[in-house]
Amino acid sequence: MNGKERILAALSFQPTDRTPWVPYAGVQTANLLGMDADVYLQNADNIVKGILKAYELYQPDGLPVIFDIQMEAEALGCELKWAKKNPPAVKSHILEKKGLSELKLPTENDGRYPIALEATRKLVAAVGDKIAIYGLICGPFTLALHLRGTDIFTEMIEEPEKIGELIEFCTRVGKDLARMYVEAGVDVIAVVDPMTSQISPRFFKRFVLPYTADLNQYVKAMGVKVTSFCCGDATKNIELMCQTETDGIAFDENVDLGYAKEIASRYKVSFGGNLPLTTVMLFGSPVDNVEEARREVEIGKGVGYVLSPGCDIPFDTPANNLIAISKYINGHFSSIDILDSAEPLQNEEEAEFEDVEVKPGEVFVEIVTLDSEGCPPCQYMCESVRKIERKYGSRLTWRESLVKTRAGIKRMAKLGVKNLPAMLINNEVVFDNIIPSEDELISAIEKRIK
Amino acid sequence: MNFEAITQNLVDGQTKKVRELVQKAVDEGCSAKQILNEGLLAGMNEVGSLFQEGELFVPEVLMAAKAMHMGMEIIAPLLKEGDHESKGKVILASVEGDLHDIGIKLVGMMMAGAGYEIINLGVDVPADQIVEAVKTHKPKVVGLAALLTTSMMNMKTAIQALKTAGVYDEVKVITGGAPVTDRFAKEIGAYYAADAVYAVELANQFC
């Protein structure tokens with residue numbers, strides 16, 4: 001299977017040869033080019049260059065052309081505030097100045113639509129046979145909020161018919177952009193509607209479900225797949241999301257993956273999008289990212305699951321974190337791989353792990369970890385030693401050594417360690433990224449105790 | 001007078017009904033203080049717990065706040081000094097680069113409901129403006145919001161500016177927003193509130 005086949009299979013709720021991987025590379029690809037987000041998002045060639053770079057580095061099965069759900073609001077007359085490290089934000093809400101009947105439906109020539117469509121055509125020509133190309137559109141509810149401002153929340157209750165009309169209009173805008181993207185060659189339309197997590201199931205049923213279902217049916221009738229994205233704690237609306245005639249749902253770490261899997265599988269709807277953006281992707285190490293991906297794949301694996309981040313990847317996310325996940329998902333990750341990375345590792349003082357002299361009858365256990373904080377396997381490895389500590393009493397000493405520098409990792413590689421954490425017994429590598437059971441550990445120690 | 005009806009209608013976001021009932025209570029000779037505490041504020045407290053429990057969502061909370069406001073319009077002229085003692089001032093802002101306003105609005109409403117005087121500086125507020133506001137209003141608490149991983153870093157900048165201006169020790173800084181974590185807040189010298197209700201609980205500990 002190639003990436004595109006894998007995504008199309010997952011979105012048809014069919015088995016795949018391995019878990020598909022879609023990094024929502026948006027403004028982070030601008031960073032890959034050393035470019036500000038505002039410059040990047042306003043030029044088709046920049047976008048093409050950025051996405052091709054992401055394609056090359058992240059070995060994805062699918063990629064979005066542009067992750068910017070302010071594009072429709074801009075084309076409809078909302079003023080944007082541009083940022084260097086973020087997609088633009090909506091600054092003024094057009095319906096505070098104009099009536100809904102005065103708004104014109106955007107065409108191929110309005111706002112940044114021409115840029116998005118040109119970038120799509122070029123990307124489809126370049127890699128469209130290998131990976132699934134996603135065209136992102138702003139979901140009707142979130143677009144209505146962009147156009148109207150937060151007053152929409154109380155107007156939903158006080159003037160429900162007026163808000164219904166507005167969301168109907170936003171659905172039309174979505175259908176139009178979806179059609180343009182499909183004509184430009186995308187394989188999947190992703191309806192990104194983050195604000196729907198802020199309303200109750202009761203309002204979801206009234207203001208989201210019928211409109212989104214209509215939009216999704218329209219997209220599917222064009223012969224492409226459609227997925228629904230949400231952010232925030234959408235737990236209570238997950239089942240309703242599955243009822244919108246969608247092929248797949250995506251959510252962030254606020255939703256429990258196991259819970260969403262159970263519901264989505266019942267509806268035969270694809271699911272994913274759970275990698276934590278801040279704590280893991282932005283601030284974590286490559287090993288943290290692989291551990292998180294591994295944990296999620298364990299829960300999600302099976303028909304319909306797509307590994308992906310909770311939303312648009314933050315601008316400053318280290319490329320190495322994404323590269324590590326892509327290597328893992330493609331079956332080639334080892335901790336030592338980060339040696340290949342161009343970026344410097346943390347330049348901090350390093351604990352020593354020179355050979356230690358071991359007296360006869362005694363045993364010295366050393367656990368080498370890359371970054372113990374937030375690394376469950378590292379903790380479990382330490383626990384396994386603590387469990388048998390009492391059995392040996394003062395004959396056993398152990399320590400945890402943290403590798404933080406490139407030189408440290410090289411030294412580990414010389415010892416024959418491929419993955420961290422690793423456990424050394426009397427200066428010999430015994431468990432390489434494997435957490436031993438109590439019996440295994442005792443027998444390994446017995447063999448080496450002099 | 002049975003204040004439960006006011007409380008219940010406020011929780012249900014029945015703005016007109018709340019206005020009617022508050023007027024009726026006034027006409028029957030209930031004190032403004034009693035209407036405020038046993039009717040309106042009791043309702044806002046319940047809204048807070050229901051929001052935290054995931055029973056109420058943003059629209060319902062905003063409607064309840066609207067109902068509270070309608071009730072207040074009637075009783076505000078009748079409140080005597082000391083009836084509605086302010087627990088202290090709170091400055092709220094979404095930091096520079098961040099245009100999200102729902103978070104600080106919700107926190108503002110919950111804090112006002114709990115008796116704080118709110119100074120909402122709005123969105124996209126630069127650090128020096130936060131410092132100026134702290135110098136002018138002398139609040140007990142500064143609440144900073146950021147919904148973006150990038151604008152989050154401007155919380156750090158704002159706290160640095162408070163330190164440089166020598167006013168950091170006079171306030172407690174509470175941070176919140178989707179990407180913010182407890183650990184991040186500690187690192188930048190702030191407290192972390194996971195939601196609007198928790199922000200009130202934190203403020204109550206300080207004031």
# chains A, B, ... in the order shown; residues from 1 in each chain; ligands from 1

call {"tool": "interface_residues", "arguments": {"of": "chain B", "to": "chain A", "cutoff": "12 Å", "atoms": "only C-alpha atoms", "output": "tab-separated table (two decimals) with all heavy atoms, in the first residue's frame"}}
result
chain	number	residue	atom	x	y	z
B	12	ASP	N	-31.22	28.47	34.48
B	12	ASP	CA	-31.83	28.12	33.20
B	12	ASP	C	-31.66	29.20	32.13
B	12	ASP	O	-32.12	29.03	31.01
B	12	ASP	CB	-33.33	27.84	33.39
B	12	ASP	CG	-33.57	26.56	34.18
B	12	ASP	OD1	-32.64	25.73	34.26
B	12	ASP	OD2	-34.67	26.39	34.74
B	13	GLY	N	-31.05	30.33	32.50
B	13	GLY	CA	-30.84	31.40	31.54
B	13	GLY	C	-32.12	32.10	31.12
B	13	GLY	O	-32.20	32.70	30.05
B	14	GLN	N	-33.13	32.05	31.97
B	14	GLN	CA	-34.42	32.70	31.68
B	14	GLN	C	-34.33	34.17	32.07
B	14	GLN	O	-34.73	34.58	33.17
B	14	GLN	CB	-35.56	32.00	32.44
B	14	GLN	CG	-35.77	30.55	32.03
B	14	GLN	CD	-36.26	30.43	30.60
B	14	GLN	OE1	-37.03	31.28	30.13
B	14	GLN	NE2	-35.83	29.41	29.89
B	15	THR	N	-33.80	34.98	31.17
B	15	THR	CA	-33.47	36.37	31.51
B	15	THR	C	-34.71	37.17	31.94
B	15	THR	O	-34.69	37.87	32.95
B	15	THR	CB	-32.79	37.06	30.31
B	15	THR	OG1	-33.60	36.85	29.15
B	15	THR	CG2	-31.42	36.49	30.05
B	16	LYS	N	-35.78	37.07	31.14
B	16	LYS	CA	-36.96	37.89	31.44
B	16	LYS	C	-37.60	37.46	32.76
B	16	LYS	O	-38.05	38.28	33.54
B	16	LYS	CB	-37.98	37.76	30.31
B	16	LYS	CG	-37.56	38.58	29.10
B	16	LYS	CD	-38.50	38.40	27.93
B	16	LYS	CE	-37.83	38.89	26.65
B	16	LYS	NZ	-38.27	38.13	25.49
B	51	PHE	N	-21.03	24.07	35.13
B	51	PHE	CA	-20.10	24.26	34.01
B	51	PHE	C	-18.88	23.37	34.22
B	51	PHE	O	-18.42	22.68	33.30
B	51	PHE	CB	-19.69	25.73	33.93
B	51	PHE	CG	-18.70	26.04	32.82
B	51	PHE	CD1	-19.06	25.89	31.49
B	51	PHE	CD2	-17.42	26.47	33.12
B	51	PHE	CE1	-18.16	26.18	30.47
B	51	PHE	CE2	-16.51	26.76	32.11
B	51	PHE	CZ	-16.88	26.62	30.79
B	54	GLY	N	-19.44	19.86	33.41
B	54	GLY	CA	-19.73	19.55	32.01
B	54	GLY	C	-21.21	19.44	31.72
B	54	GLY	O	-21.63	18.96	30.68
B	55	GLU	N	-22.05	19.95	32.66
B	55	GLU	CA	-23.50	19.94	32.45
B	55	GLU	C	-23.91	21.15	31.61
B	55	GLU	O	-24.80	21.07	30.78
B	55	GLU	CB	-24.24	19.96	33.79
B	55	GLU	CG	-24.27	18.64	34.50
B	55	GLU	CD	-25.00	17.56	33.70
B	55	GLU	OE1	-26.10	17.84	33.21
B	55	GLU	OE2	-24.44	16.46	33.55
B	56	LEU	N	-23.26	22.28	31.88
B	56	LEU	CA	-23.55	23.49	31.13
B	56	LEU	C	-22.37	23.81	30.22
B	56	LEU	O	-21.23	23.53	30.55
B	56	LEU	CB	-23.78	24.67	32.07
B	56	LEU	CG	-24.99	24.60	33.01
B	56	LEU	CD1	-25.11	25.91	33.79
B	56	LEU	CD2	-26.27	24.34	32.23
B	57	PHE	N	-22.66	24.39	29.06
B	57	PHE	CA	-21.62	24.79	28.11
B	57	PHE	C	-21.62	26.32	28.02
B	57	PHE	O	-22.39	26.99	28.70
B	57	PHE	CB	-21.88	24.15	26.75
B	57	PHE	CG	-21.59	22.67	26.73
B	57	PHE	CD1	-22.40	21.77	27.41
B	57	PHE	CD2	-20.50	22.17	26.03
B	57	PHE	CE1	-22.12	20.41	27.39
B	57	PHE	CE2	-20.21	20.82	26.00
B	57	PHE	CZ	-21.04	19.94	26.69
B	58	VAL	N	-20.73	26.84	27.16
B	58	VAL	CA	-20.56	28.29	27.06
B	58	VAL	C	-21.88	29.06	26.83
B	58	VAL	O	-22.15	30.05	27.51
B	58	VAL	CB	-19.52	28.63	25.97
B	58	VAL	CG1	-19.46	30.13	25.71
B	58	VAL	CG2	-18.15	28.11	26.38
B	59	PRO	N	-22.75	28.63	25.90
B	59	PRO	CA	-23.97	29.43	25.66
B	59	PRO	C	-24.83	29.55	26.92
B	59	PRO	O	-25.33	30.64	27.21
B	59	PRO	CB	-24.72	28.63	24.59
B	59	PRO	CG	-23.67	27.81	23.92
B	59	PRO	CD	-22.67	27.49	24.98
B	60	GLU	N	-24.98	28.48	27.64
B	60	GLU	CA	-25.82	28.51	28.84
B	60	GLU	C	-25.23	29.43	29.91
B	60	GLU	O	-25.97	30.14	30.60
B	60	GLU	CB	-25.99	27.09	29.41
B	60	GLU	CG	-26.80	26.13	28.53
B	60	GLU	CD	-25.92	25.36	27.54
B	60	GLU	OE1	-24.79	25.79	27.27
B	60	GLU	OE2	-26.39	24.32	27.04
B	61	VAL	N	-23.90	29.38	30.04
B	61	VAL	CA	-23.25	30.24	31.04
B	61	VAL	C	-23.43	31.70	30.66
B	61	VAL	O	-23.72	32.56	31.51
B	61	VAL	CB	-21.75	29.89	31.18
B	61	VAL	CG1	-21.06	30.86	32.13
B	61	VAL	CG2	-21.58	28.47	31.69
B	62	LEU	N	-23.29	32.01	29.38
B	62	LEU	CA	-23.46	33.39	28.94
B	62	LEU	C	-24.90	33.87	29.16
B	62	LEU	O	-25.12	35.02	29.53
B	62	LEU	CB	-23.07	33.54	27.46
B	62	LEU	CG	-21.59	33.34	27.15
B	62	LEU	CD1	-21.35	33.37	25.64
B	62	LEU	CD2	-20.73	34.42	27.81
B	63	MET	N	-25.86	32.99	28.96
B	63	MET	CA	-27.26	33.37	29.20
B	63	MET	C	-27.51	33.61	30.68
B	63	MET	O	-28.20	34.56	31.06
B	63	MET	CB	-28.21	32.27	28.71
B	63	MET	CG	-28.42	32.22	27.22
B	63	MET	SD	-28.92	33.79	26.47
B	63	MET	CE	-30.58	33.94	27.07
B	64	ALA	N	-26.92	32.78	31.53
B	64	ALA	CA	-27.07	32.95	32.98
B	64	ALA	C	-26.48	34.29	33.40
B	64	ALA	O	-27.06	35.02	34.21
B	64	ALA	CB	-26.40	31.81	33.72
B	65	ALA	N	-25.33	34.63	32.82
B	65	ALA	CA	-24.68	35.89	33.16
B	65	ALA	C	-25.54	37.07	32.71
B	65	ALA	O	-25.62	38.10	33.38
B	65	ALA	CB	-23.31	35.97	32.50
B	66	LYS	N	-26.20	36.89	31.59
B	66	LYS	CA	-27.09	37.93	31.09
B	66	LYS	C	-28.27	38.12	32.07
B	66	LYS	O	-28.67	39.25	32.36
B	66	LYS	CB	-27.62	37.50	29.72
B	66	LYS	CG	-27.73	38.63	28.73
B	66	LYS	CD	-27.97	38.09	27.33
B	66	LYS	CE	-28.32	39.23	26.40
B	66	LYS	NZ	-28.38	38.83	25.01
B	67	ALA	N	-28.78	37.01	32.57
B	67	ALA	CA	-29.88	37.05	33.53
B	67	ALA	C	-29.43	37.74	34.82
B	67	ALA	O	-30.15	38.58	35.38
B	67	ALA	CB	-30.37	35.63	33.83
B	96	GLU	N	-0.68	39.57	24.44
B	96	GLU	CA	-0.35	40.04	23.09
B	96	GLU	C	-0.31	38.87	22.09
B	96	GLU	O	0.22	37.81	22.40
B	96	GLU	CB	1.01	40.74	23.11
B	96	GLU	CG	1.36	41.37	21.78
B	96	GLU	CD	2.45	42.42	21.92
B	96	GLU	OE1	3.17	42.44	22.94
B	96	GLU	OE2	2.58	43.23	20.98
B	97	GLY	N	-0.89	39.11	20.93
B	97	GLY	CA	-0.89	38.09	19.89
B	97	GLY	C	-2.09	37.16	19.97
B	97	GLY	O	-2.25	36.28	19.15
B	98	ASP	N	-2.93	37.35	20.98
B	98	ASP	CA	-4.05	36.44	21.16
B	98	ASP	C	-5.37	37.21	21.11
B	98	ASP	O	-5.60	38.11	21.90
B	98	ASP	CB	-3.93	35.71	22.50
B	98	ASP	CG	-4.59	34.34	22.44
B	98	ASP	OD1	-5.80	34.29	22.16
B	98	ASP	OD2	-3.91	33.35	22.66
B	99	LEU	N	-6.23	36.82	20.17
B	99	LEU	CA	-7.49	37.55	19.98
B	99	LEU	C	-8.69	36.83	20.59
B	99	LEU	O	-9.82	37.22	20.38
B	99	LEU	CB	-7.74	37.74	18.48
B	99	LEU	CG	-6.73	38.64	17.74
B	99	LEU	CD1	-7.05	38.70	16.27
B	99	LEU	CD2	-6.75	40.05	18.31
B	100	HIS	N	-8.44	35.77	21.33
B	100	HIS	CA	-9.56	35.02	21.91
B	100	HIS	C	-10.13	35.74	23.11
B	100	HIS	O	-9.40	36.13	24.01
B	100	HIS	CB	-9.09	33.62	22.32
B	100	HIS	CG	-8.69	32.78	21.16
B	100	HIS	ND1	-7.43	32.83	20.64
B	100	HIS	CD2	-9.38	31.89	20.42
B	100	HIS	CE1	-7.35	31.98	19.62
B	100	HIS	NE2	-8.53	31.40	19.46
B	101	ASP	N	-11.45	35.89	23.14
B	101	ASP	CA	-12.04	36.65	24.25
B	101	ASP	C	-13.00	35.84	25.11
B	101	ASP	O	-13.39	36.29	26.18
B	101	ASP	CB	-12.74	37.90	23.72
B	101	ASP	CG	-13.90	37.58	22.77
B	101	ASP	OD1	-13.99	36.42	22.34
B	101	ASP	OD2	-14.69	38.48	22.47
B	102	ILE	N	-13.38	34.65	24.68
B	102	ILE	CA	-14.38	33.91	25.45
B	102	ILE	C	-13.84	33.53	26.84
B	102	ILE	O	-14.54	33.66	27.83
B	102	ILE	CB	-14.83	32.63	24.72
B	102	ILE	CG1	-15.41	33.00	23.36
B	102	ILE	CG2	-15.90	31.89	25.52
B	102	ILE	CD1	-15.72	31.80	22.50
B	103	GLY	N	-12.59	33.09	26.88
B	103	GLY	CA	-11.99	32.66	28.14
B	103	GLY	C	-12.03	33.75	29.19
B	103	GLY	O	-12.54	33.54	30.31
B	105	LYS	N	-13.80	36.41	29.22
B	105	LYS	CA	-15.19	36.79	29.50
B	105	LYS	C	-15.79	35.87	30.56
B	105	LYS	O	-16.40	36.33	31.51
B	105	LYS	CB	-16.03	36.66	28.21
B	105	LYS	CG	-16.32	37.98	27.54
B	105	LYS	CD	-17.35	37.77	26.43
B	105	LYS	CE	-17.45	39.00	25.55
B	105	LYS	NZ	-18.16	38.74	24.31
B	106	LEU	N	-15.60	34.57	30.36
B	106	LEU	CA	-16.16	33.60	31.31
B	106	LEU	C	-15.54	33.79	32.70
B	106	LEU	O	-16.26	33.80	33.70
B	106	LEU	CB	-15.90	32.17	30.83
B	106	LEU	CG	-16.74	31.67	29.68
B	106	LEU	CD1	-16.33	30.25	29.33
B	106	LEU	CD2	-18.22	31.72	30.00
B	123	VAL	N	-8.44	41.83	24.52
B	123	VAL	CA	-7.55	40.86	23.86
B	123	VAL	C	-6.32	41.56	23.29
B	123	VAL	O	-6.30	42.78	23.16
B	123	VAL	CB	-8.30	40.11	22.74
B	123	VAL	CG1	-9.47	39.33	23.31
B	123	VAL	CG2	-8.77	41.07	21.65
B	124	ASP	N	-5.30	40.74	22.96
B	124	ASP	CA	-4.09	41.25	22.30
B	124	ASP	C	-3.46	42.38	23.11
B	124	ASP	O	-3.15	43.44	22.57
B	124	ASP	CB	-4.47	41.72	20.88
B	124	ASP	CG	-3.24	41.92	20.00
B	124	ASP	OD1	-2.16	41.42	20.36
B	124	ASP	OD2	-3.38	42.58	18.95
B	147	LEU	N	-4.57	31.25	24.16
B	147	LEU	CA	-5.16	30.06	23.53
B	147	LEU	C	-4.24	29.47	22.48
B	147	LEU	O	-4.56	28.46	21.85
B	147	LEU	CB	-6.51	30.40	22.88
B	147	LEU	CG	-7.77	30.36	23.76
B	147	LEU	CD1	-8.12	28.93	24.12
B	147	LEU	CD2	-7.64	31.19	25.01
B	148	LEU	N	-3.10	30.11	22.28
B	148	LEU	CA	-2.17	29.65	21.24
B	148	LEU	C	-0.85	29.27	21.87
B	148	LEU	O	-0.44	29.89	22.86
B	148	LEU	CB	-1.92	30.76	20.21
B	148	LEU	CG	-3.17	31.35	19.57
B	148	LEU	CD1	-2.81	32.64	18.83
B	148	LEU	CD2	-3.78	30.35	18.61
B	149	THR	N	-0.19	28.28	21.28
B	149	THR	CA	1.10	27.87	21.84
B	149	THR	C	2.13	28.98	21.71
B	149	THR	O	3.08	29.04	22.47
B	149	THR	CB	1.63	26.62	21.13
B	149	THR	OG1	1.53	26.83	19.72
B	149	THR	CG2	0.84	25.40	21.50
B	150	THR	N	1.93	29.87	20.75
B	150	THR	CA	2.90	30.95	20.57
B	150	THR	C	2.59	32.12	21.50
B	150	THR	O	3.49	32.67	22.13
B	150	THR	CB	2.91	31.45	19.13
B	150	THR	OG1	1.57	31.59	18.69
B	150	THR	CG2	3.64	30.48	18.25
B	151	SER	N	1.32	32.50	21.59
B	151	SER	CA	0.99	33.65	22.45
B	151	SER	C	1.23	33.31	23.92
B	151	SER	O	1.46	34.17	24.74
B	151	SER	CB	-0.45	34.10	22.22
B	151	SER	OG	-1.36	33.07	22.49
B	152	MET	N	1.19	32.00	24.20
B	152	MET	CA	1.48	31.52	25.55
B	152	MET	C	2.81	32.09	26.05
B	152	MET	O	2.96	32.41	27.22
B	152	MET	CB	1.54	30.00	25.46
B	152	MET	CG	1.64	29.27	26.74
B	152	MET	SD	1.21	27.54	26.42
B	152	MET	CE	2.82	26.81	26.34
B	153	MET	N	3.78	32.19	25.14
B	153	MET	CA	5.09	32.70	25.53
B	153	MET	C	5.01	34.18	25.96
B	153	MET	O	5.86	34.65	26.70
B	153	MET	CB	6.09	32.55	24.38
B	153	MET	CG	6.35	31.10	24.01
B	153	MET	SD	6.89	30.17	25.47
B	153	MET	CE	6.73	28.50	24.86
B	177	GLY	N	-5.94	28.80	29.65
B	177	GLY	CA	-6.06	28.69	28.20
B	177	GLY	C	-5.65	27.31	27.75
B	177	GLY	O	-4.88	26.63	28.44
B	178	ALA	N	-6.17	26.89	26.59
B	178	ALA	CA	-5.98	25.51	26.14
B	178	ALA	C	-4.55	24.95	26.22
B	178	ALA	O	-4.36	23.85	26.73
B	178	ALA	CB	-6.52	25.35	24.72
B	179	PRO	N	-3.52	25.67	25.75
B	179	PRO	CA	-2.19	25.04	25.75
B	179	PRO	C	-1.47	25.14	27.08
B	179	PRO	O	-0.42	24.51	27.27
B	179	PRO	CB	-1.43	25.84	24.68
B	179	PRO	CG	-2.07	27.18	24.69
B	179	PRO	CD	-3.50	26.99	25.11
B	180	VAL	N	-1.99	25.93	28.02
B	180	VAL	CA	-1.27	26.17	29.29
B	180	VAL	C	-1.39	24.95	30.19
B	180	VAL	O	-2.45	24.31	30.26
B	180	VAL	CB	-1.86	27.41	30.00
B	180	VAL	CG1	-1.06	27.74	31.24
B	180	VAL	CG2	-1.89	28.60	29.06
B	181	THR	N	-0.31	24.62	30.86
B	181	THR	CA	-0.33	23.52	31.81
B	181	THR	C	0.17	24.02	33.16
B	181	THR	O	0.77	25.09	33.25
B	181	THR	CB	0.60	22.37	31.37
B	181	THR	OG1	1.94	22.89	31.28
B	181	THR	CG2	0.19	21.80	30.03
B	182	ASP	N	-0.07	23.23	34.18
B	182	ASP	CA	0.37	23.57	35.52
B	182	ASP	C	1.88	23.79	35.55
B	182	ASP	O	2.38	24.75	36.12
B	182	ASP	CB	-0.03	22.42	36.46
B	182	ASP	CG	-0.07	22.86	37.89
B	182	ASP	OD1	-0.38	24.04	38.13
B	182	ASP	OD2	0.19	22.03	38.78
B	183	ARG	N	2.58	22.90	34.87
B	183	ARG	CA	4.04	22.95	34.86
B	183	ARG	C	4.53	24.22	34.18
B	183	ARG	O	5.42	24.90	34.68
B	183	ARG	CB	4.54	21.72	34.11
B	183	ARG	CG	6.03	21.54	34.20
B	183	ARG	CD	6.42	20.19	33.64
B	183	ARG	NE	7.75	20.26	33.08
B	183	ARG	CZ	8.27	19.31	32.32
B	183	ARG	NH1	7.57	18.23	32.04
B	183	ARG	NH2	9.48	19.43	31.86
B	184	PHE	N	3.90	24.56	33.05
B	184	PHE	CA	4.29	25.77	32.34
B	184	PHE	C	4.06	26.99	33.22
B	184	PHE	O	4.91	27.87	33.33
B	184	PHE	CB	3.51	25.89	31.03
B	184	PHE	CG	3.77	27.17	30.29
B	184	PHE	CD1	4.93	27.31	29.53
B	184	PHE	CD2	2.89	28.24	30.37
B	184	PHE	CE1	5.19	28.49	28.85
B	184	PHE	CE2	3.14	29.43	29.69
B	184	PHE	CZ	4.29	29.55	28.93

call {"tool": "atom_distance", "arguments": {"atom1": "atom CA of A:Pro160", "atom2": "atom CA of A:Thr227"}}
result
26.7 Å

call {"tool": "residues_around", "arguments": {"residues": "A:Ile94", "least_positions_apart": "2", "cutoff": "8 Å", "atoms": "only C-alpha atoms", "output": "number ranges by chain"}}
result
A: 76-79, 92, 96-98, 147-148

call {"tool": "select_by_dssp", "arguments": {"residues": "stretch 132-168 of chain A", "states": "helix (DSSP H, G or I)", "output": "JSON, numbers by chain"}}
result
{"A": [140, 141, 142, 143, 144, 145, 146, 147, 148, 152, 153, 154, 155, 156, 157, 158, 160, 161, 162, 163, 164, 165, 166, 167, 168]}

call {"tool": "write_last_selection", "arguments": {"atoms": "N, CA, C and O atoms", "output": "short mmCIF file (atom, residue, chain, number, x, y, z; two decimals), in the first residue's frame"}}
result
data_model
loop_
_atom_site.label_atom_id
_atom_site.label_comp_id
_atom_site.auth_asym_id
_atom_site.auth_seq_id
_atom_site.Cartn_x
_atom_site.Cartn_y
_atom_site.Cartn_z
N PRO A 140 -19.09 24.96 9.27
CA PRO A 140 -20.14 25.98 9.28
C PRO A 140 -20.29 26.71 10.62
O PRO A 140 -20.44 27.93 10.65
N PHE A 141 -20.22 25.98 11.73
CA PHE A 141 -20.44 26.64 13.02
C PHE A 141 -19.31 27.62 13.33
O PHE A 141 -19.54 28.76 13.74
N THR A 142 -18.06 27.18 13.13
CA THR A 142 -16.91 28.05 13.41
C THR A 142 -16.90 29.24 12.46
O THR A 142 -16.58 30.37 12.87
N LEU A 143 -17.28 29.03 11.20
CA LEU A 143 -17.33 30.16 10.26
C LEU A 143 -18.39 31.16 10.72
O LEU A 143 -18.18 32.38 10.67
N ALA A 144 -19.53 30.66 11.19
CA ALA A 144 -20.59 31.55 11.68
C ALA A 144 -20.07 32.39 12.84
O ALA A 144 -20.35 33.58 12.94
N LEU A 145 -19.25 31.77 13.69
CA LEU A 145 -18.67 32.48 14.82
C LEU A 145 -17.68 33.55 14.34
O LEU A 145 -17.63 34.66 14.86
N HIS A 146 -16.90 33.20 13.30
CA HIS A 146 -15.98 34.18 12.72
C HIS A 146 -16.76 35.39 12.20
O HIS A 146 -16.35 36.52 12.35
N LEU A 147 -17.88 35.12 11.56
CA LEU A 147 -18.64 36.21 10.92
C LEU A 147 -19.43 37.04 11.93
O LEU A 147 -19.58 38.24 11.78
N ARG A 148 -19.92 36.38 12.98
CA ARG A 148 -20.84 37.04 13.91
C ARG A 148 -20.18 37.45 15.23
O ARG A 148 -20.67 38.33 15.92
N ILE A 152 -22.97 35.03 19.00
CA ILE A 152 -23.70 33.89 18.43
C ILE A 152 -24.15 32.93 19.53
O ILE A 152 -25.19 32.30 19.43
N PHE A 153 -23.37 32.83 20.61
CA PHE A 153 -23.69 31.86 21.66
C PHE A 153 -25.02 32.17 22.34
O PHE A 153 -25.80 31.27 22.63
N THR A 154 -25.27 33.45 22.61
CA THR A 154 -26.55 33.77 23.26
C THR A 154 -27.66 33.87 22.22
O THR A 154 -28.81 33.56 22.50
N GLU A 155 -27.29 34.26 21.00
CA GLU A 155 -28.32 34.36 19.94
C GLU A 155 -28.86 32.99 19.54
O GLU A 155 -29.98 32.87 19.08
N MET A 156 -28.03 31.95 19.72
CA MET A 156 -28.51 30.59 19.45
C MET A 156 -29.75 30.30 20.28
O MET A 156 -30.63 29.55 19.88
N ILE A 157 -29.76 30.89 21.50
CA ILE A 157 -30.87 30.65 22.41
C ILE A 157 -31.99 31.66 22.17
O ILE A 157 -33.16 31.32 22.14
N GLU A 158 -31.59 32.92 21.95
CA GLU A 158 -32.59 33.99 21.84
C GLU A 158 -33.19 34.14 20.44
O GLU A 158 -34.34 34.52 20.29
N PRO A 160 -32.88 31.68 17.57
CA PRO A 160 -32.38 30.47 16.90
C PRO A 160 -32.59 30.45 15.38
O PRO A 160 -31.74 29.95 14.65
N GLU A 161 -33.69 31.04 14.92
CA GLU A 161 -33.92 31.01 13.47
C GLU A 161 -32.90 31.83 12.70
O GLU A 161 -32.42 31.42 11.64
N LYS A 162 -32.56 32.98 13.27
CA LYS A 162 -31.56 33.84 12.64
C LYS A 162 -30.21 33.12 12.55
O LYS A 162 -29.52 33.17 11.52
N ILE A 163 -29.85 32.44 13.63
CA ILE A 163 -28.57 31.73 13.63
C ILE A 163 -28.63 30.54 12.67
O ILE A 163 -27.67 30.22 11.97
N GLY A 164 -29.80 29.90 12.58
CA GLY A 164 -29.98 28.83 11.62
C GLY A 164 -29.71 29.29 10.19
O GLY A 164 -28.99 28.64 9.43
N GLU A 165 -30.23 30.46 9.85
CA GLU A 165 -30.00 31.03 8.52
C GLU A 165 -28.53 31.29 8.27
O GLU A 165 -28.00 31.02 7.19
N LEU A 166 -27.87 31.83 9.30
CA LEU A 166 -26.44 32.14 9.18
C LEU A 166 -25.64 30.85 8.94
O LEU A 166 -24.76 30.80 8.07
N ILE A 167 -25.97 29.81 9.68
CA ILE A 167 -25.20 28.57 9.54
C ILE A 167 -25.51 27.91 8.19
O ILE A 167 -24.63 27.32 7.55
N GLU A 168 -26.70 28.07 7.72
CA GLU A 168 -27.07 27.60 6.37
C GLU A 168 -26.17 28.27 5.32
O GLU A 168 -25.63 27.63 4.41
#

call {"tool": "atom_distance", "arguments": {"atom1": "atom CA of A:Val27", "atom2": "atom CA of A:Pro87"}}
result
6.7 Å

call {"tool": "residues_around", "arguments": {"residues": "stretch 56-64 of chain A", "least_positions_apart": "4", "cutoff": "7 Å", "atoms": "only C-alpha atoms", "output": "list of chain:residue names"}}
result
A:Gly3, A:Lys4, A:Arg6, A:Ile7, A:Pro20, A:Trp21, A:Val22, A:Pro23, A:Tyr24, A:Ala25, A:Leu52, A:Ile131, A:Ala132, A:Ile133, A:Tyr134, A:Gly135, A:Leu136, A:Leu322, A:Ile323, A:Ser326

call {"tool": "residues_around", "arguments": {"residues": "stretch 169-181 of chain A", "least_positions_apart": "4", "cutoff": "9 Å", "atoms": "only C-alpha atoms", "output": "JSON, numbers by chain"}}
result
{"A": [72, 100, 105, 106, 107, 108, 113, 116, 117, 120, 121, 134, 135, 136, 137, 138, 139, 140, 141, 142, 143, 144, 164, 165, 185, 186, 189, 190, 191, 211, 212, 214, 215, 216, 218, 219, 222]}
